[in-house]
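A.B. asks: Got a file for you: entry.txt, compact mmCIF, C-alpha atoms.
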```txt
# COMPACT_ATOMS: atom_id res chain seq x y z
CA MET A 1 40.43 58.08 104.03
CA ASP A 2 42.89 55.17 103.99
CA GLY A 3 40.05 52.70 104.59
CA LEU A 4 38.33 54.06 101.48
CA GLN A 5 41.20 53.47 99.12
CA ARG A 6 41.80 49.80 99.59
CA ILE A 7 39.33 48.25 97.19
CA PRO A 8 40.68 48.20 93.65
CA ILE A 9 38.53 48.51 90.56
CA LEU A 10 40.27 46.84 87.64
CA LYS A 11 39.22 47.21 84.05
CA VAL A 12 39.85 44.14 81.94
CA GLY A 13 38.40 44.39 78.49
CA ARG A 14 34.91 45.77 78.92
CA VAL A 15 34.45 44.42 82.41
CA LEU A 16 35.16 46.11 85.72
CA ILE A 17 36.46 43.64 88.25
CA VAL A 18 36.02 44.54 91.90
CA PRO A 19 37.71 42.10 94.28
CA ILE A 20 36.54 42.97 97.78
CA GLN A 21 39.18 41.59 100.08
CA VAL A 22 38.59 43.49 103.29
CA ASP A 23 35.58 43.91 105.51
CA MET A 24 34.10 47.28 104.69
CA ASP A 25 32.66 49.99 106.88
CA ASP A 26 29.60 51.88 105.64
CA GLN A 27 31.58 54.78 104.23
CA THR A 28 33.83 52.49 102.26
CA VAL A 29 30.77 50.74 100.82
CA MET A 30 29.15 54.00 99.74
CA HIS A 31 32.41 55.25 98.31
CA LEU A 32 32.86 52.02 96.37
CA GLN A 33 29.39 52.42 94.85
CA GLU A 34 30.25 55.90 93.61
CA ARG A 35 33.60 54.79 92.25
CA ILE A 36 32.09 51.87 90.32
CA LEU A 37 29.54 54.16 88.69
CA SER A 38 32.08 56.79 87.72
CA GLU A 39 34.38 54.09 86.34
CA LEU A 40 31.46 52.79 84.27
CA GLU A 41 30.97 56.23 82.84
CA ARG A 42 34.67 56.84 82.30
CA THR A 43 35.48 53.51 80.65
CA GLY A 44 32.22 52.52 78.97
CA ALA A 45 32.51 49.07 80.55
CA ARG A 46 29.50 46.80 80.01
CA GLY A 47 29.89 44.46 82.93
CA VAL A 48 30.71 44.67 86.63
CA LEU A 49 32.01 41.60 88.40
CA ILE A 50 32.10 41.94 92.19
CA ASP A 51 34.05 39.21 93.97
CA ILE A 52 32.88 38.80 97.57
CA SER A 53 34.48 35.40 98.23
CA LEU A 54 36.56 36.84 101.06
CA LEU A 55 33.67 38.60 102.77
CA GLU A 56 32.68 36.82 105.96
CA MET A 57 29.60 38.92 106.49
CA VAL A 58 27.04 40.69 104.33
CA ASP A 59 24.54 42.61 106.41
CA SER A 60 21.39 44.39 105.24
CA PHE A 61 23.32 47.56 104.47
CA ILE A 62 25.89 45.93 102.22
CA GLY A 63 23.13 43.82 100.68
CA ARG A 64 21.16 46.90 99.81
CA VAL A 65 24.16 48.63 98.29
CA LEU A 66 24.89 45.58 96.11
CA SER A 67 21.30 45.74 94.84
CA ASP A 68 21.62 49.48 94.28
CA ILE A 69 24.88 49.08 92.36
CA ALA A 70 23.25 46.49 90.08
CA ALA A 71 20.21 48.71 89.48
CA MET A 72 22.29 51.81 88.78
CA ALA A 73 24.71 49.91 86.55
CA ARG A 74 21.77 48.53 84.58
CA ILE A 75 20.54 52.03 83.94
CA MET A 76 24.03 52.75 82.65
CA ASP A 77 23.73 49.72 80.34
CA ALA A 78 26.00 47.42 82.29
CA ARG A 79 25.28 44.07 83.90
CA THR A 80 26.42 43.25 87.44
CA VAL A 81 27.43 39.82 88.68
CA VAL A 82 28.30 39.06 92.30
CA VAL A 83 30.57 36.06 92.61
CA GLY A 84 31.84 33.77 95.34
CA MET A 85 29.36 34.23 98.15
CA GLN A 86 30.22 31.95 101.06
CA PRO A 87 27.47 29.47 102.04
CA ALA A 88 27.19 30.89 105.57
CA VAL A 89 26.72 34.36 104.10
CA ALA A 90 23.99 33.11 101.76
CA ILE A 91 22.13 31.43 104.65
CA THR A 92 22.39 34.56 106.76
CA LEU A 93 21.15 36.81 103.95
CA VAL A 94 18.05 34.70 103.39
CA GLU A 95 17.30 34.56 107.12
CA LEU A 96 17.68 38.33 107.29
CA GLY A 97 15.08 38.54 104.55
CA LEU A 98 17.28 39.95 101.81
CA GLU A 99 16.91 38.63 98.31
CA LEU A 100 19.51 40.82 96.55
CA ARG A 101 16.91 41.92 94.02
CA GLY A 102 18.24 42.34 90.53
CA VAL A 103 21.68 40.97 91.34
CA ASP A 104 22.97 37.92 89.47
CA THR A 105 25.05 35.69 91.71
CA VAL A 106 27.34 32.88 90.63
CA LEU A 107 29.75 30.61 92.46
CA ASN A 108 33.09 31.78 91.16
CA VAL A 109 34.87 34.26 88.92
CA ASP A 110 34.97 31.85 85.97
CA GLU A 111 31.20 31.41 86.06
CA GLY A 112 30.78 35.15 86.39
CA ILE A 113 32.83 35.76 83.29
CA LYS A 114 30.93 33.08 81.39
CA LEU A 115 27.67 34.77 82.30
CA LEU A 116 28.85 38.19 81.19
CA ARG A 117 30.28 36.68 78.06
CA CYS A 118 26.96 35.08 77.08
CA GLU A 119 25.29 38.40 77.65
CA PHE A 120 27.73 40.29 75.43
CA ASP A 121 27.95 37.70 72.67
CA PHE A 122 24.21 37.69 72.49
CA ASN A 123 23.83 41.43 72.39
CA GLU A 124 26.81 42.59 70.44
CA GLU A 125 28.32 42.11 67.07
CA ASP A 126 31.51 44.08 67.43
CA GLU A 127 33.82 42.99 70.19
CA GLY A 128 36.53 45.42 69.16
CA GLU A 129 39.77 45.07 71.08
CA PHE A 130 38.00 43.17 73.79
CA SER A 131 39.89 40.06 74.76
CA TRP A 132 38.13 37.25 76.62
CA GLY A 133 41.41 35.38 76.86
CA GLU A 134 42.90 38.23 78.80
CA LEU A 135 39.94 38.27 81.12
CA SER A 136 39.97 34.53 81.72
CA ALA A 137 43.68 34.59 82.48
CA PHE A 138 43.02 37.33 84.95
CA ALA A 139 40.23 35.34 86.56
CA GLU A 140 42.57 32.42 87.05
CA GLN A 141 44.98 34.71 88.80
CA ILE A 142 42.26 35.87 91.17
CA ASN A 143 41.11 32.33 91.85
CA ARG A 144 44.63 31.29 92.71
CA SER A 145 45.34 34.18 95.05
CA MET B 1 34.41 34.96 121.64
CA ALA B 2 31.96 33.03 119.45
CA VAL B 3 34.88 30.98 118.14
CA ALA B 4 36.24 30.34 121.64
CA LEU B 5 32.82 29.10 122.76
CA GLY B 6 32.82 26.58 119.92
CA PHE B 7 30.20 28.07 117.61
CA ARG B 8 30.34 26.65 114.13
CA LEU B 9 30.94 28.91 111.15
CA ILE B 10 27.30 29.51 110.27
CA ASP B 11 26.51 30.61 113.81
CA GLN B 12 29.59 32.83 113.91
CA THR B 13 28.30 34.47 110.74
CA ARG B 14 24.84 34.89 112.26
CA LEU B 15 26.32 36.50 115.39
CA VAL B 16 28.59 38.85 113.44
CA THR B 17 25.74 39.88 111.16
CA VAL B 18 23.35 40.55 114.04
CA THR B 19 26.06 42.56 115.78
CA SER B 20 26.43 44.67 112.66
CA GLU B 21 22.67 45.20 112.31
CA LEU B 22 22.00 46.07 115.94
CA ALA B 23 25.14 48.17 116.45
CA ARG B 24 24.19 50.14 113.34
CA ASN B 25 20.78 50.83 114.86
CA VAL B 26 22.41 52.15 118.03
CA VAL B 27 24.69 54.50 116.11
CA LYS B 28 21.96 55.56 113.69
CA TYR B 29 19.17 56.33 116.13
CA ALA B 30 20.96 57.07 119.40
CA ARG B 31 24.41 58.08 118.17
CA ARG B 32 26.04 56.19 121.02
CA GLY B 33 25.46 53.30 123.32
CA ARG B 34 27.16 50.12 124.38
CA MET B 35 27.33 46.48 123.55
CA ILE B 36 27.91 43.67 126.00
CA ALA B 37 28.84 40.14 124.94
CA GLN B 38 28.68 37.43 127.58
CA PRO B 39 28.76 33.65 127.61
CA THR B 40 25.60 32.30 129.15
CA ARG B 41 24.10 29.02 130.28
CA GLY B 42 20.49 28.02 129.83
CA GLU B 43 18.25 26.36 132.41
CA ASP B 44 18.86 23.06 130.69
CA GLY B 45 22.62 23.56 130.99
CA ARG B 46 23.36 24.36 127.37
CA GLU B 47 25.86 27.06 126.60
CA GLY B 48 25.29 30.13 124.52
CA LEU B 49 26.34 33.66 123.81
CA ARG B 50 24.25 36.64 124.87
CA LEU B 51 24.62 40.01 123.19
CA ILE B 52 23.13 43.15 124.67
CA PHE B 53 22.86 46.45 122.78
CA GLU B 54 21.73 49.39 124.84
CA ASP B 55 21.45 53.08 124.26
CA THR B 56 19.87 56.12 125.83
CA GLY B 57 18.44 57.36 122.56
CA PRO B 58 14.88 58.43 121.77
CA GLY B 59 13.40 54.94 122.09
CA ILE B 60 11.12 53.14 119.65
CA PRO B 61 7.55 54.55 119.71
CA ASP B 62 5.90 51.44 118.23
CA ILE B 63 7.86 48.25 118.80
CA ASN B 64 5.30 46.08 117.01
CA ALA B 65 5.68 48.19 113.89
CA ALA B 66 9.47 48.18 114.20
CA MET B 67 9.45 44.37 114.29
CA ARG B 68 7.61 44.15 110.97
CA ASP B 69 9.64 43.44 107.85
CA GLY B 70 10.02 46.52 105.75
CA PHE B 71 9.18 49.04 108.46
CA THR B 72 11.79 51.76 108.80
CA THR B 73 12.03 55.30 110.05
CA GLY B 74 15.68 55.63 109.13
CA GLY B 75 15.63 55.13 105.38
CA GLY B 76 16.93 51.55 105.53
CA LEU B 77 15.34 48.33 104.33
CA GLY B 78 13.53 47.63 107.59
CA LYS B 79 15.22 44.25 107.94
CA GLY B 80 17.50 44.94 110.91
CA LEU B 81 15.23 44.07 113.85
CA PRO B 82 13.00 41.35 112.34
CA GLY B 83 15.98 39.87 110.51
CA SER B 84 18.07 39.80 113.68
CA LYS B 85 15.24 38.02 115.46
CA ARG B 86 15.22 35.32 112.78
CA LEU B 87 18.99 34.88 113.07
CA MET B 88 18.95 34.37 116.84
CA ASP B 89 17.32 31.84 119.20
CA ASP B 90 16.13 34.38 121.77
CA PHE B 91 15.32 38.00 121.07
CA ARG B 92 14.05 40.57 123.54
CA ILE B 93 13.53 44.26 123.03
CA GLU B 94 12.67 46.91 125.60
CA SER B 95 12.30 50.54 124.71
CA SER B 96 10.98 53.74 126.19
CA ALA B 97 11.39 57.42 125.55
CA GLU B 98 12.82 57.86 129.07
CA HIS B 99 15.38 55.07 129.16
CA GLY B 100 16.20 54.43 125.54
CA THR B 101 16.40 51.01 123.95
CA ARG B 102 17.86 47.67 124.95
CA VAL B 103 17.96 44.66 122.65
CA THR B 104 19.07 41.33 124.10
CA VAL B 105 19.73 38.33 121.88
CA VAL B 106 21.00 34.83 122.59
CA ARG B 107 22.29 32.13 120.29
CA TRP B 108 22.64 28.68 121.86
CA LEU B 109 25.40 26.27 120.97
```
What would you get if you wrote out this structure as structure tokens?
C.D. replies:
Amino acid sequence: MDGLQRIPILKVGRVLIVPIQVDMDDQTVMHLQERILSELERTGARGVLIDISLLEMVDSFIGRVLSDIAAMARIMDARTVVVGMQPAVAITLVELGLELRGVDTVLNVDEGIKLLRCEFDFNEEDEGEFSWGELSAFAEQINRS
Amino acid sequence: MAVALGFRLIDQTRLVTVTSELARNVVKYARRGRMIAQPTRGEDGREGLRLIFEDTGPGIPDINAAMRDGFTTGGGLGKGLPGSKRLMDDFRIESSAEHGTRVTVVRWL
């Protein structure tokens, strides 16, 4: 089980941030999908930001799960953004024939947050206790690490 | 090994991804098998890396179908074999019900 526990899911404001910093086996990937969905339900988050900048490989299995997560999250009224894909990974994905259907991808965490922010500002009047400043500060931390 | 041979990053990524795709096939359809990685040299003298994945599983009944994008009998996306072929320079597949399946791929430097 220890391999399954390593990927944190952090809630900042109404966004779940998932920094994937280890290469994942299939079980870990499936487990992560379940955890993201139950966290969405538990917290009522509206966005999921998955940082894959440290992943050196995305094969067809991980690609499919990323698409599935985005589709399932959408049904739960949340938008998913995948950030930080390495160029070599992008080339490989296209050659494999994967298009990551339904997944928004952006270059870095800042852009990901901007995208989610546009989405929310457009759709919502009440931001409640939600703090974009907090989220941006957090993003900077991730970018630095 | 790919790094030691001097493959650049994009080719390392291709090799790692193909290894993941083809090794998953072995585990999924045959439960066990083996993988061999060996440096190789082409007729024109160029260097490369050959990967062989072999198993004694049930074999692939229709290889032509299995090489088509989107064809799957295992509930996946059907990208593993055709995608791996696109990622490599050489791709050979042999399969029979008696001897199982062997996939041999080469990427040249």
A.B. asks: Give me, as a VMD selection string, all polymer residues having an atom no more than 7 Å from range 46-54 of chain B, counting all atoms listed in the file and skipping those fewer than 3 positions away in the same chain.
C.D. replies: chain B and resid 22 to 23 33 to 42 101 to 109
A.B. asks: Give as a PDB file with C-alpha atoms, keeping the file's coordinate frame every residue of chain B that touches chain A within 10 Å, counting only C-alpha atoms.
C.D. replies:
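Full text of selection-v7.pdb as output:
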```
ATOM      1  CA  LEU B   9      30.940  28.910 111.150  1.00  0.00           C
ATOM      2  CA  ILE B  10      27.300  29.510 110.270  1.00  0.00           C
ATOM      3  CA  ASP B  11      26.510  30.610 113.810  1.00  0.00           C
ATOM      4  CA  GLN B  12      29.590  32.830 113.910  1.00  0.00           C
ATOM      5  CA  THR B  13      28.300  34.470 110.740  1.00  0.00           C
ATOM      6  CA  ARG B  14      24.840  34.890 112.260  1.00  0.00           C
ATOM      7  CA  LEU B  15      26.320  36.500 115.390  1.00  0.00           C
ATOM      8  CA  VAL B  16      28.590  38.850 113.440  1.00  0.00           C
ATOM      9  CA  THR B  17      25.740  39.880 111.160  1.00  0.00           C
ATOM     10  CA  VAL B  18      23.350  40.550 114.040  1.00  0.00           C
ATOM     11  CA  THR B  19      26.060  42.560 115.780  1.00  0.00           C
ATOM     12  CA  SER B  20      26.430  44.670 112.660  1.00  0.00           C
ATOM     13  CA  GLU B  21      22.670  45.200 112.310  1.00  0.00           C
ATOM     14  CA  ARG B  24      24.190  50.140 113.340  1.00  0.00           C
ATOM     15  CA  ASP B  69       9.640  43.440 107.850  1.00  0.00           C
ATOM     16  CA  GLY B  70      10.020  46.520 105.750  1.00  0.00           C
ATOM     17  CA  GLY B  76      16.930  51.550 105.530  1.00  0.00           C
ATOM     18  CA  LEU B  77      15.340  48.330 104.330  1.00  0.00           C
ATOM     19  CA  GLY B  78      13.530  47.630 107.590  1.00  0.00           C
ATOM     20  CA  LYS B  79      15.220  44.250 107.940  1.00  0.00           C
ATOM     21  CA  GLY B  80      17.500  44.940 110.910  1.00  0.00           C
ATOM     22  CA  LEU B  81      15.230  44.070 113.850  1.00  0.00           C
ATOM     23  CA  PRO B  82      13.000  41.350 112.340  1.00  0.00           C
ATOM     24  CA  GLY B  83      15.980  39.870 110.510  1.00  0.00           C
ATOM     25  CA  SER B  84      18.070  39.800 113.680  1.00  0.00           C
ATOM     26  CA  LYS B  85      15.240  38.020 115.460  1.00  0.00           C
ATOM     27  CA  ARG B  86      15.220  35.320 112.780  1.00  0.00           C
ATOM     28  CA  LEU B  87      18.990  34.880 113.070  1.00  0.00           C
ATOM     29  CA  MET B  88      18.950  34.370 116.840  1.00  0.00           C
TER      30      MET B  88
END
```
A.B. asks: Rounded to one decimal in Å, what is the spacing between CA of Arg74 in chain A and CA of Ile50 in chain A?
C.D. replies: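 These two atoms are separated by 14.4 Å.
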A.B. asks: Which residues are close to Ala78 in chain A, i.e. within 8 Å by only C-alpha atoms, leaving aside same-chain residues fewer than 4 positions away? Reply as an MDAnalysis selection string.
C.D. replies: chainID A and resid 40 45:48 73:74
A.B. asks: I want to know what sits within 12 Å of Lys11 in chain A, based on only C-alpha atoms, with residues of the same chain fewer than 6 positions away left out; could you give that as a ChimeraX atom specification?
C.D. replies: /A:17-19,36,39-40,42-49,130-131,134-135,138
A.B. asks: Could those selected residues go to a file with C-alpha atoms, as a PDB file, in the frame of the given file?
C.D. replies:
```
ATOM      1  CA  ILE A  17      36.460  43.640  88.250  1.00  0.00           C
ATOM      2  CA  VAL A  18      36.020  44.540  91.900  1.00  0.00           C
ATOM      3  CA  PRO A  19      37.710  42.100  94.280  1.00  0.00           C
ATOM      4  CA  ILE A  36      32.090  51.870  90.320  1.00  0.00           C
ATOM      5  CA  GLU A  39      34.380  54.090  86.340  1.00  0.00           C
ATOM      6  CA  LEU A  40      31.460  52.790  84.270  1.00  0.00           C
ATOM      7  CA  ARG A  42      34.670  56.840  82.300  1.00  0.00           C
ATOM      8  CA  THR A  43      35.480  53.510  80.650  1.00  0.00           C
ATOM      9  CA  GLY A  44      32.220  52.520  78.970  1.00  0.00           C
ATOM     10  CA  ALA A  45      32.510  49.070  80.550  1.00  0.00           C
ATOM     11  CA  ARG A  46      29.500  46.800  80.010  1.00  0.00           C
ATOM     12  CA  GLY A  47      29.890  44.460  82.930  1.00  0.00           C
ATOM     13  CA  VAL A  48      30.710  44.670  86.630  1.00  0.00           C
ATOM     14  CA  LEU A  49      32.010  41.600  88.400  1.00  0.00           C
ATOM     15  CA  PHE A 130      38.000  43.170  73.790  1.00  0.00           C
ATOM     16  CA  SER A 131      39.890  40.060  74.760  1.00  0.00           C
ATOM     17  CA  GLU A 134      42.900  38.230  78.800  1.00  0.00           C
ATOM     18  CA  LEU A 135      39.940  38.270  81.120  1.00  0.00           C
ATOM     19  CA  PHE A 138      43.020  37.330  84.950  1.00  0.00           C
TER      20      PHE A 138
END
```
A.B. asks: Can you tell me, as lines of an AutoDock Vina configuration file, the centre and edge lengths (Å, one decimal) of the axis-aligned box enclosing all of range 30-34 of chain B's listed atoms after padding each side by 8 Å?
C.D. replies:
```
center_x = 24.1
center_y = 54.1
center_z = 121.3
size_x = 22.2
size_y = 24.0
size_z = 22.2
```
A.B. asks: Here is a test: counting all atoms listed in the file, which residue of A:Met30, A:Met24, A:Met85, A:Cys118 is nearest to Thr105 in chain A?
C.D. replies: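 With all atoms listed in the file as the atom set, the closest residue is A:Met85.
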A.B. asks: In Å, rounded to a single decimal, give me how far CA of Leu107 in chain A is from CA of Val83 in chain A.
C.D. replies: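 CA of Val83 in chain A sits 5.5 Å away from CA of Leu107 in chain A.
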A.B. asks: Can you tell me how far CA of Gly102 in chain A sits from CA of Phe71 in chain B, in Å to one decimal?
C.D. replies: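 Computing it gives 21.2 Å between the two atoms.
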